[in-house]
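Just input31.cif here, mmCIF, N, CA and C atoms:
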data_upload
#
loop_
_atom_site.label_atom_id
_atom_site.label_comp_id
_atom_site.auth_asym_id
_atom_site.auth_seq_id
_atom_site.Cartn_x
_atom_site.Cartn_y
_atom_site.Cartn_z
N MET I 159 209.31 65.07 219.93
CA MET I 159 207.98 64.53 219.64
C MET I 159 206.96 65.66 219.66
N LYS I 160 206.18 65.75 218.59
CA LYS I 160 205.16 66.80 218.48
C LYS I 160 203.98 66.48 219.41
N LYS I 161 203.44 67.54 220.01
CA LYS I 161 202.33 67.38 220.96
C LYS I 161 201.01 67.82 220.35
N ILE I 162 199.97 67.03 220.60
CA ILE I 162 198.63 67.34 220.11
C ILE I 162 197.67 67.34 221.28
N LEU I 163 196.81 68.35 221.32
CA LEU I 163 195.75 68.43 222.32
C LEU I 163 194.42 68.23 221.60
N VAL I 164 193.67 67.20 222.00
CA VAL I 164 192.36 66.93 221.43
C VAL I 164 191.31 67.48 222.40
N VAL I 165 190.56 68.48 221.96
CA VAL I 165 189.51 69.08 222.78
C VAL I 165 188.18 68.58 222.22
N GLU I 166 187.62 67.58 222.90
CA GLU I 166 186.47 66.83 222.39
C GLU I 166 185.70 66.24 223.57
N ASP I 167 184.36 66.39 223.57
CA ASP I 167 183.58 65.88 224.69
C ASP I 167 183.13 64.43 224.51
N GLU I 168 183.20 63.89 223.29
CA GLU I 168 182.80 62.50 223.07
C GLU I 168 183.98 61.58 223.39
N LEU I 169 183.82 60.77 224.45
CA LEU I 169 184.92 59.94 224.93
C LEU I 169 185.42 58.95 223.89
N ILE I 170 184.51 58.37 223.11
CA ILE I 170 184.92 57.40 222.10
C ILE I 170 185.83 58.05 221.06
N LEU I 171 185.51 59.28 220.66
CA LEU I 171 186.36 59.99 219.71
C LEU I 171 187.70 60.37 220.33
N GLN I 172 187.67 60.76 221.60
CA GLN I 172 188.94 61.04 222.30
C GLN I 172 189.84 59.81 222.22
N ASP I 173 189.27 58.65 222.54
CA ASP I 173 190.05 57.41 222.55
C ASP I 173 190.58 57.06 221.17
N VAL I 174 189.73 57.16 220.16
CA VAL I 174 190.14 56.83 218.79
C VAL I 174 191.25 57.76 218.32
N TYR I 175 191.06 59.06 218.48
CA TYR I 175 192.07 60.02 218.03
C TYR I 175 193.38 59.84 218.80
N LYS I 176 193.27 59.61 220.11
CA LYS I 176 194.49 59.42 220.91
C LYS I 176 195.24 58.18 220.44
N LEU I 177 194.53 57.09 220.21
CA LEU I 177 195.15 55.85 219.77
C LEU I 177 195.83 56.01 218.41
N VAL I 178 195.08 56.55 217.45
CA VAL I 178 195.59 56.70 216.08
C VAL I 178 196.80 57.63 216.05
N LEU I 179 196.69 58.77 216.71
CA LEU I 179 197.79 59.75 216.68
C LEU I 179 199.01 59.27 217.47
N SER I 180 198.78 58.60 218.60
CA SER I 180 199.88 58.07 219.39
C SER I 180 200.66 57.02 218.61
N LYS I 181 199.94 56.17 217.88
CA LYS I 181 200.58 55.13 217.07
C LYS I 181 201.49 55.73 216.00
N HIS I 182 201.20 56.96 215.60
CA HIS I 182 202.02 57.62 214.59
C HIS I 182 203.06 58.57 215.19
N GLY I 183 203.34 58.39 216.47
CA GLY I 183 204.46 59.09 217.08
C GLY I 183 204.16 60.44 217.69
N TYR I 184 202.88 60.77 217.84
CA TYR I 184 202.54 62.04 218.47
C TYR I 184 202.25 61.83 219.95
N GLU I 185 202.57 62.84 220.75
CA GLU I 185 202.22 62.83 222.18
C GLU I 185 200.85 63.50 222.29
N VAL I 186 199.85 62.75 222.76
CA VAL I 186 198.47 63.24 222.72
C VAL I 186 197.90 63.43 224.12
N SER I 187 197.29 64.59 224.34
CA SER I 187 196.54 64.88 225.56
C SER I 187 195.10 65.16 225.16
N VAL I 188 194.17 64.94 226.08
CA VAL I 188 192.77 65.21 225.78
C VAL I 188 192.15 66.14 226.82
N ALA I 189 191.12 66.86 226.37
CA ALA I 189 190.34 67.74 227.26
C ALA I 189 188.88 67.56 226.87
N ASN I 190 187.99 67.61 227.87
CA ASN I 190 186.57 67.36 227.65
C ASN I 190 185.76 68.58 227.22
N ASP I 191 186.32 69.77 227.37
CA ASP I 191 185.62 71.00 226.99
C ASP I 191 186.64 72.12 226.83
N GLY I 192 186.15 73.28 226.40
CA GLY I 192 187.04 74.39 226.13
C GLY I 192 187.80 74.92 227.33
N ILE I 193 187.18 74.92 228.49
CA ILE I 193 187.88 75.42 229.70
C ILE I 193 189.05 74.51 230.04
N GLU I 194 188.79 73.20 230.06
CA GLU I 194 189.87 72.25 230.32
C GLU I 194 190.93 72.34 229.21
N GLY I 195 190.47 72.56 227.99
CA GLY I 195 191.38 72.71 226.86
C GLY I 195 192.33 73.90 227.03
N LEU I 196 191.79 75.04 227.43
CA LEU I 196 192.62 76.23 227.64
C LEU I 196 193.63 76.02 228.76
N THR I 197 193.20 75.32 229.82
CA THR I 197 194.10 75.03 230.94
C THR I 197 195.25 74.14 230.47
N LYS I 198 194.91 73.07 229.73
CA LYS I 198 195.96 72.16 229.24
C LYS I 198 196.83 72.83 228.19
N LEU I 199 196.26 73.71 227.40
CA LEU I 199 197.02 74.45 226.40
C LEU I 199 198.19 75.17 227.06
N LYS I 200 197.92 75.82 228.18
CA LYS I 200 198.95 76.58 228.89
C LYS I 200 200.02 75.68 229.47
N SER I 201 199.64 74.49 229.95
CA SER I 201 200.62 73.62 230.59
C SER I 201 201.42 72.77 229.61
N ILE I 202 200.80 72.29 228.53
CA ILE I 202 201.55 71.41 227.63
C ILE I 202 202.09 72.10 226.37
N LYS I 203 201.56 73.29 226.06
CA LYS I 203 202.00 74.05 224.88
C LYS I 203 202.06 73.15 223.64
N PRO I 204 200.90 72.66 223.18
CA PRO I 204 200.89 71.72 222.06
C PRO I 204 201.27 72.38 220.73
N ASP I 205 201.70 71.54 219.80
CA ASP I 205 201.99 72.01 218.45
C ASP I 205 200.69 72.14 217.65
N LEU I 206 199.68 71.34 218.06
CA LEU I 206 198.42 71.30 217.34
C LEU I 206 197.27 71.05 218.31
N VAL I 207 196.15 71.74 218.07
CA VAL I 207 194.91 71.50 218.82
C VAL I 207 193.86 71.01 217.82
N LEU I 208 193.27 69.84 218.11
CA LEU I 208 192.11 69.36 217.36
C LEU I 208 190.91 69.80 218.17
N LEU I 209 190.09 70.67 217.62
CA LEU I 209 189.04 71.33 218.38
C LEU I 209 187.65 71.05 217.84
N ASP I 210 186.81 70.46 218.68
CA ASP I 210 185.40 70.28 218.35
C ASP I 210 184.69 71.61 218.58
N ILE I 211 183.57 71.84 217.91
CA ILE I 211 182.82 73.08 218.14
C ILE I 211 181.81 72.90 219.26
N PHE I 212 181.00 71.85 219.17
CA PHE I 212 179.91 71.68 220.15
C PHE I 212 180.34 70.86 221.35
N MET I 213 180.50 71.54 222.49
CA MET I 213 180.88 70.90 223.75
C MET I 213 180.17 71.61 224.89
N PRO I 214 179.99 70.91 226.01
CA PRO I 214 179.40 71.58 227.18
C PRO I 214 180.41 72.53 227.82
N VAL I 215 179.97 73.31 228.75
CA VAL I 215 180.77 74.25 229.55
C VAL I 215 181.34 75.38 228.69
N MET I 216 182.27 75.08 227.78
CA MET I 216 182.79 76.08 226.85
C MET I 216 182.96 75.40 225.50
N ASP I 217 182.35 75.97 224.47
CA ASP I 217 182.42 75.35 223.15
C ASP I 217 183.65 75.82 222.38
N GLY I 218 183.81 75.31 221.16
CA GLY I 218 184.97 75.64 220.34
C GLY I 218 185.07 77.10 219.97
N ARG I 219 183.92 77.74 219.76
CA ARG I 219 183.94 79.18 219.43
C ARG I 219 184.56 79.98 220.57
N GLU I 220 184.09 79.70 221.79
CA GLU I 220 184.63 80.42 222.95
C GLU I 220 186.10 80.09 223.17
N PHE I 221 186.47 78.84 222.94
CA PHE I 221 187.88 78.46 223.05
C PHE I 221 188.72 79.35 222.12
N LEU I 222 188.29 79.45 220.86
CA LEU I 222 189.03 80.28 219.90
C LEU I 222 189.05 81.75 220.30
N ARG I 223 187.95 82.24 220.84
CA ARG I 223 187.92 83.65 221.28
C ARG I 223 188.89 83.90 222.44
N ASN I 224 189.15 82.85 223.22
CA ASN I 224 190.05 82.98 224.37
C ASN I 224 191.48 82.54 224.05
N PHE I 225 191.71 82.02 222.87
CA PHE I 225 193.02 81.55 222.45
C PHE I 225 193.84 82.74 221.96
N SER I 226 195.07 82.82 222.43
CA SER I 226 195.94 83.93 222.02
C SER I 226 197.04 83.42 221.09
N LYS I 227 196.95 83.78 219.81
CA LYS I 227 197.97 83.38 218.84
C LYS I 227 199.31 84.03 219.21
N THR I 228 199.26 85.16 219.88
CA THR I 228 200.48 85.83 220.32
C THR I 228 201.19 85.01 221.39
N ALA I 229 200.41 84.46 222.34
CA ALA I 229 200.99 83.65 223.42
C ALA I 229 201.44 82.28 222.93
N PHE I 230 200.78 81.76 221.88
CA PHE I 230 201.09 80.43 221.36
C PHE I 230 201.28 80.50 219.84
N PRO I 231 202.32 81.20 219.38
CA PRO I 231 202.48 81.42 217.95
C PRO I 231 202.72 80.15 217.13
N HIS I 232 203.28 79.12 217.77
CA HIS I 232 203.60 77.89 217.03
C HIS I 232 202.44 76.88 217.04
N THR I 233 201.39 77.15 217.81
CA THR I 233 200.28 76.21 217.93
C THR I 233 199.28 76.37 216.79
N LYS I 234 199.06 75.29 216.04
CA LYS I 234 198.08 75.27 214.96
C LYS I 234 196.76 74.73 215.51
N ILE I 235 195.65 75.16 214.92
CA ILE I 235 194.33 74.68 215.37
C ILE I 235 193.54 74.16 214.18
N ILE I 236 193.08 72.91 214.31
CA ILE I 236 192.18 72.32 213.33
C ILE I 236 190.81 72.19 214.00
N VAL I 237 189.82 72.86 213.46
CA VAL I 237 188.44 72.70 213.94
C VAL I 237 187.82 71.56 213.16
N TYR I 238 187.25 70.60 213.90
CA TYR I 238 186.56 69.50 213.23
C TYR I 238 185.18 69.36 213.85
N THR I 239 184.20 69.23 212.98
CA THR I 239 182.81 69.26 213.42
C THR I 239 181.94 68.53 212.41
N ASN I 240 180.69 68.30 212.77
CA ASN I 240 179.73 67.74 211.82
C ASN I 240 178.87 68.84 211.22
N LEU I 241 179.15 70.08 211.58
CA LEU I 241 178.41 71.22 211.04
C LEU I 241 179.12 71.69 209.77
N SER I 242 178.44 71.57 208.64
CA SER I 242 179.15 71.76 207.38
C SER I 242 178.82 73.06 206.63
N ASP I 243 178.20 74.02 207.28
CA ASP I 243 177.86 75.22 206.51
C ASP I 243 179.05 76.18 206.39
N SER I 244 179.08 76.90 205.29
CA SER I 244 180.22 77.76 204.99
C SER I 244 180.32 78.95 205.95
N LYS I 245 179.20 79.38 206.52
CA LYS I 245 179.22 80.49 207.48
C LYS I 245 180.02 80.09 208.73
N THR I 246 179.75 78.88 209.24
CA THR I 246 180.49 78.39 210.41
C THR I 246 181.97 78.24 210.09
N GLN I 247 182.26 77.69 208.93
CA GLN I 247 183.65 77.51 208.52
C GLN I 247 184.37 78.86 208.45
N ALA I 248 183.75 79.84 207.83
CA ALA I 248 184.34 81.18 207.73
C ALA I 248 184.56 81.78 209.11
N GLU I 249 183.59 81.61 210.00
CA GLU I 249 183.70 82.15 211.36
C GLU I 249 184.88 81.52 212.11
N MET I 250 185.02 80.21 212.02
CA MET I 250 186.11 79.52 212.73
C MET I 250 187.48 79.96 212.20
N LEU I 251 187.59 80.09 210.89
CA LEU I 251 188.86 80.53 210.31
C LEU I 251 189.15 81.98 210.69
N GLU I 252 188.11 82.80 210.73
CA GLU I 252 188.26 84.21 211.14
C GLU I 252 188.71 84.31 212.60
N LEU I 253 188.22 83.38 213.43
CA LEU I 253 188.60 83.38 214.86
C LEU I 253 190.01 82.83 215.09
N GLY I 254 190.64 82.32 214.04
CA GLY I 254 192.03 81.90 214.19
C GLY I 254 192.35 80.44 213.90
N ALA I 255 191.34 79.66 213.50
CA ALA I 255 191.63 78.26 213.16
C ALA I 255 192.48 78.21 211.90
N ASP I 256 193.36 77.21 211.83
CA ASP I 256 194.21 77.04 210.66
C ASP I 256 193.55 76.17 209.60
N ASP I 257 192.62 75.32 210.02
CA ASP I 257 191.92 74.46 209.08
C ASP I 257 190.57 74.08 209.67
N PHE I 258 189.68 73.58 208.82
CA PHE I 258 188.31 73.24 209.21
C PHE I 258 187.94 71.98 208.44
N VAL I 259 187.60 70.90 209.16
CA VAL I 259 187.26 69.64 208.50
C VAL I 259 185.99 69.04 209.09
N LEU I 260 185.34 68.21 208.29
CA LEU I 260 184.13 67.52 208.74
C LEU I 260 184.49 66.20 209.40
N LYS I 261 184.00 66.00 210.62
CA LYS I 261 184.24 64.74 211.33
C LYS I 261 183.75 63.56 210.52
N SER I 262 182.54 63.67 210.00
CA SER I 262 181.89 62.54 209.34
C SER I 262 182.64 62.06 208.10
N SER I 263 183.45 62.93 207.50
CA SER I 263 184.15 62.53 206.28
C SER I 263 185.62 62.20 206.54
N MET I 264 186.03 62.18 207.81
CA MET I 264 187.44 62.00 208.13
C MET I 264 187.71 60.61 208.70
N THR I 265 188.44 59.79 207.94
CA THR I 265 188.86 58.49 208.42
C THR I 265 190.12 58.66 209.27
N PRO I 266 190.50 57.65 210.05
CA PRO I 266 191.77 57.76 210.80
C PRO I 266 192.96 58.08 209.89
N ASN I 267 193.01 57.49 208.70
CA ASN I 267 194.11 57.79 207.77
C ASN I 267 194.07 59.24 207.31
N ASP I 268 192.86 59.75 207.06
CA ASP I 268 192.72 61.16 206.68
C ASP I 268 193.23 62.07 207.79
N LEU I 269 192.92 61.70 209.02
CA LEU I 269 193.36 62.49 210.18
C LEU I 269 194.89 62.55 210.23
N ILE I 270 195.54 61.40 210.09
CA ILE I 270 197.00 61.36 210.11
C ILE I 270 197.59 62.20 208.98
N GLU I 271 197.04 62.06 207.78
CA GLU I 271 197.54 62.86 206.65
C GLU I 271 197.40 64.35 206.91
N LEU I 272 196.25 64.76 207.45
CA LEU I 272 196.02 66.17 207.74
C LEU I 272 196.98 66.69 208.79
N VAL I 273 197.12 65.94 209.88
CA VAL I 273 198.02 66.35 210.96
C VAL I 273 199.48 66.41 210.47
N ASP I 274 199.90 65.40 209.72
CA ASP I 274 201.26 65.41 209.18
C ASP I 274 201.49 66.63 208.28
N LYS I 275 200.47 66.95 207.46
CA LYS I 275 200.58 68.10 206.54
C LYS I 275 200.69 69.40 207.33
N ILE I 276 199.83 69.56 208.33
CA ILE I 276 199.83 70.82 209.10
C ILE I 276 201.09 70.98 209.94
N LEU I 277 201.57 69.88 210.51
CA LEU I 277 202.76 69.97 211.37
C LEU I 277 204.06 69.86 210.58
N GLY I 278 203.94 69.56 209.29
CA GLY I 278 205.10 69.53 208.40
C GLY I 278 206.11 68.48 208.77
#
Just give me the structure as structure tokens.
Amino acid sequence: MKKILVVEDELILQDVYKLVLSKHGYEVSVANDGIEGLTKLKSIKPDLVLLDIFMPVMDGREFLRNFSKTAFPHTKIIVYTNLSDSKTQAEMLELGADDFVLKSSMTPNDLIELVDKILG
């Protein structure tokens, strides 16, 4: 079973993503901020991280700066946010994200399709 870590501070989104992804056979863990996300990353070694940018304590940018692709070569990262400018997208991809999507345009079905595509 593929493991997904959702790093998101909005509890309602945590619940929705966990429910939708779990129903499709993924093992889902959640973290409320980047620090908790990095801690869980080390313990569960997920196949995929769904990463919000704007969070308290440690945001998505700092998470990516602290993420080691060498230590977790099989872990893919999808950054999802409501910030749609190309500069932010380029920065997230440069920091190591595998994909960048807009929260506001992503339905639960879109999320499943994206995750299935990335995890193959």
If you measure from atom C of Ile202 of chain I to atom C of Val186 of chain I, what distance in Å do you get, rounded to one decimal? 9.9 Å
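The spacing separating atom C of Ser226 of chain I from atom CA of Thr239 of chain I amounts to 21.5 Å.
Of the listed residues (I:Lys198, I:Lys261, I:Lys203, I:Lys161), I:Lys203 comes nearest to Phe230 of chain I; the distances count all atoms listed in the file.
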Identify all residues of chain I in strand (DSSP E or B) (DSSP on the backbone) and supply them as number ranges by chain. I: 161-165, 185-189, 206-209, 234-239, 257-260
For segment 233-249 of chain I, I'd like the enclosing box, axis-aligned and padded by 5 Å on every side, reported as AutoDock Vina command-line options with centre and edge lengths in Å to one decimal.
--center_x 189.6 --center_y 74.9 --center_z 211.5 --size_x 33.5 --size_y 24.4 --size_z 22.9
For Asp191 of chain I, which residue among I:Val165, I:Leu209, I:Leu179, I:Leu171 is the nearest when counting only N, CA and C atoms?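 Nearest candidate to Asp191 of chain I out of I:Val165, I:Leu209, I:Leu179, I:Leu171: I:Val165.
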Can you work out the spacing between atom CA of Phe212 of chain I and atom CA of Ala229 of chain I in Å, to one decimal?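 Between atom CA of Phe212 of chain I and atom CA of Ala229 of chain I the gap works out to 24.5 Å.
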What would the selection look like, as an mmCIF file with N, CA and C atoms, keeping the file's coordinate frame, if the PyMOL selection byres ((chain I and resi 206) around 8) were run on the coordinates I just shared?
data_model
loop_
_atom_site.group_PDB
_atom_site.id
_atom_site.type_symbol
_atom_site.label_atom_id
_atom_site.label_comp_id
_atom_site.auth_asym_id
_atom_site.auth_seq_id
_atom_site.Cartn_x
_atom_site.Cartn_y
_atom_site.Cartn_z
ATOM 1 N N LYS I 160 206.180 65.750 218.590
ATOM 2 C CA LYS I 160 205.160 66.800 218.480
ATOM 3 C C LYS I 160 203.980 66.480 219.410
ATOM 4 N N LYS I 161 203.440 67.540 220.010
ATOM 5 C CA LYS I 161 202.330 67.380 220.960
ATOM 6 C C LYS I 161 201.010 67.820 220.350
ATOM 7 N N ILE I 162 199.970 67.030 220.600
ATOM 8 C CA ILE I 162 198.630 67.340 220.110
ATOM 9 C C ILE I 162 197.670 67.340 221.280
ATOM 10 N N LEU I 163 196.810 68.350 221.320
ATOM 11 C CA LEU I 163 195.750 68.430 222.320
ATOM 12 C C LEU I 163 194.420 68.230 221.600
ATOM 13 N N VAL I 164 193.670 67.200 222.000
ATOM 14 C CA VAL I 164 192.360 66.930 221.430
ATOM 15 C C VAL I 164 191.310 67.480 222.400
ATOM 16 N N LYS I 203 201.560 73.290 226.060
ATOM 17 C CA LYS I 203 202.000 74.050 224.880
ATOM 18 C C LYS I 203 202.060 73.150 223.640
ATOM 19 N N PRO I 204 200.900 72.660 223.180
ATOM 20 C CA PRO I 204 200.890 71.720 222.060
ATOM 21 C C PRO I 204 201.270 72.380 220.730
ATOM 22 N N ASP I 205 201.700 71.540 219.800
ATOM 23 C CA ASP I 205 201.990 72.010 218.450
ATOM 24 C C ASP I 205 200.690 72.140 217.650
ATOM 25 N N VAL I 207 196.150 71.740 218.070
ATOM 26 C CA VAL I 207 194.910 71.500 218.820
ATOM 27 C C VAL I 207 193.860 71.010 217.820
ATOM 28 N N LEU I 208 193.270 69.840 218.110
ATOM 29 C CA LEU I 208 192.110 69.360 217.360
ATOM 30 C C LEU I 208 190.910 69.800 218.170
ATOM 31 N N LEU I 209 190.090 70.670 217.620
ATOM 32 C CA LEU I 209 189.040 71.330 218.380
ATOM 33 C C LEU I 209 187.650 71.050 217.840
ATOM 34 N N HIS I 232 203.280 79.120 217.770
ATOM 35 C CA HIS I 232 203.600 77.890 217.030
ATOM 36 C C HIS I 232 202.440 76.880 217.040
ATOM 37 N N THR I 233 201.390 77.150 217.810
ATOM 38 C CA THR I 233 200.280 76.210 217.930
ATOM 39 C C THR I 233 199.280 76.370 216.790
ATOM 40 N N LYS I 234 199.060 75.290 216.040
ATOM 41 C CA LYS I 234 198.080 75.270 214.960
ATOM 42 C C LYS I 234 196.760 74.730 215.510
ATOM 43 N N ILE I 235 195.650 75.160 214.920
ATOM 44 C CA ILE I 235 194.330 74.680 215.370
ATOM 45 C C ILE I 235 193.540 74.160 214.180
ATOM 46 N N ILE I 236 193.080 72.910 214.310
ATOM 47 C CA ILE I 236 192.180 72.320 213.330
ATOM 48 C C ILE I 236 190.810 72.190 214.000
ATOM 49 N N ILE I 276 199.830 69.560 208.330
ATOM 50 C CA ILE I 276 199.830 70.820 209.100
ATOM 51 C C ILE I 276 201.090 70.980 209.940
ATOM 52 N N LEU I 277 201.570 69.880 210.510
ATOM 53 C CA LEU I 277 202.760 69.970 211.370
ATOM 54 C C LEU I 277 204.060 69.860 210.580
#
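Nearest to Met250 of chain I of all the residues I:Arg219, I:Lys275, I:Lys181, I:Lys176 is I:Arg219, based on only N, CA and C atoms.
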Using only C-alpha atoms, which protein or nucleic acid residues come within 9 Å of Ile270 of chain I? Drop anything in the same chain fewer than 4 positions from it, and give the result as a PyMOL selection string. chain I and resi 178-179+182+265-266+274-275
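Closest to Glu220 of chain I among I:Ala248, I:Val273, I:Leu253, I:Leu260 is I:Leu253, based on only C-alpha atoms.
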Which residues, written as a ChimeraX atom specification, have at least one atom at most 7 Å from Asn190 of chain I, with all atoms listed in the file counted and residues fewer than 3 positions away on the same chain left out? /I:164-168,193-195,213-214
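Restricting the calculation to only N, CA and C atoms, the smallest distance between Asp210 of chain I and any of I:Phe225, I:Phe258, I:Tyr238, I:Tyr184 is found for I:Tyr238.
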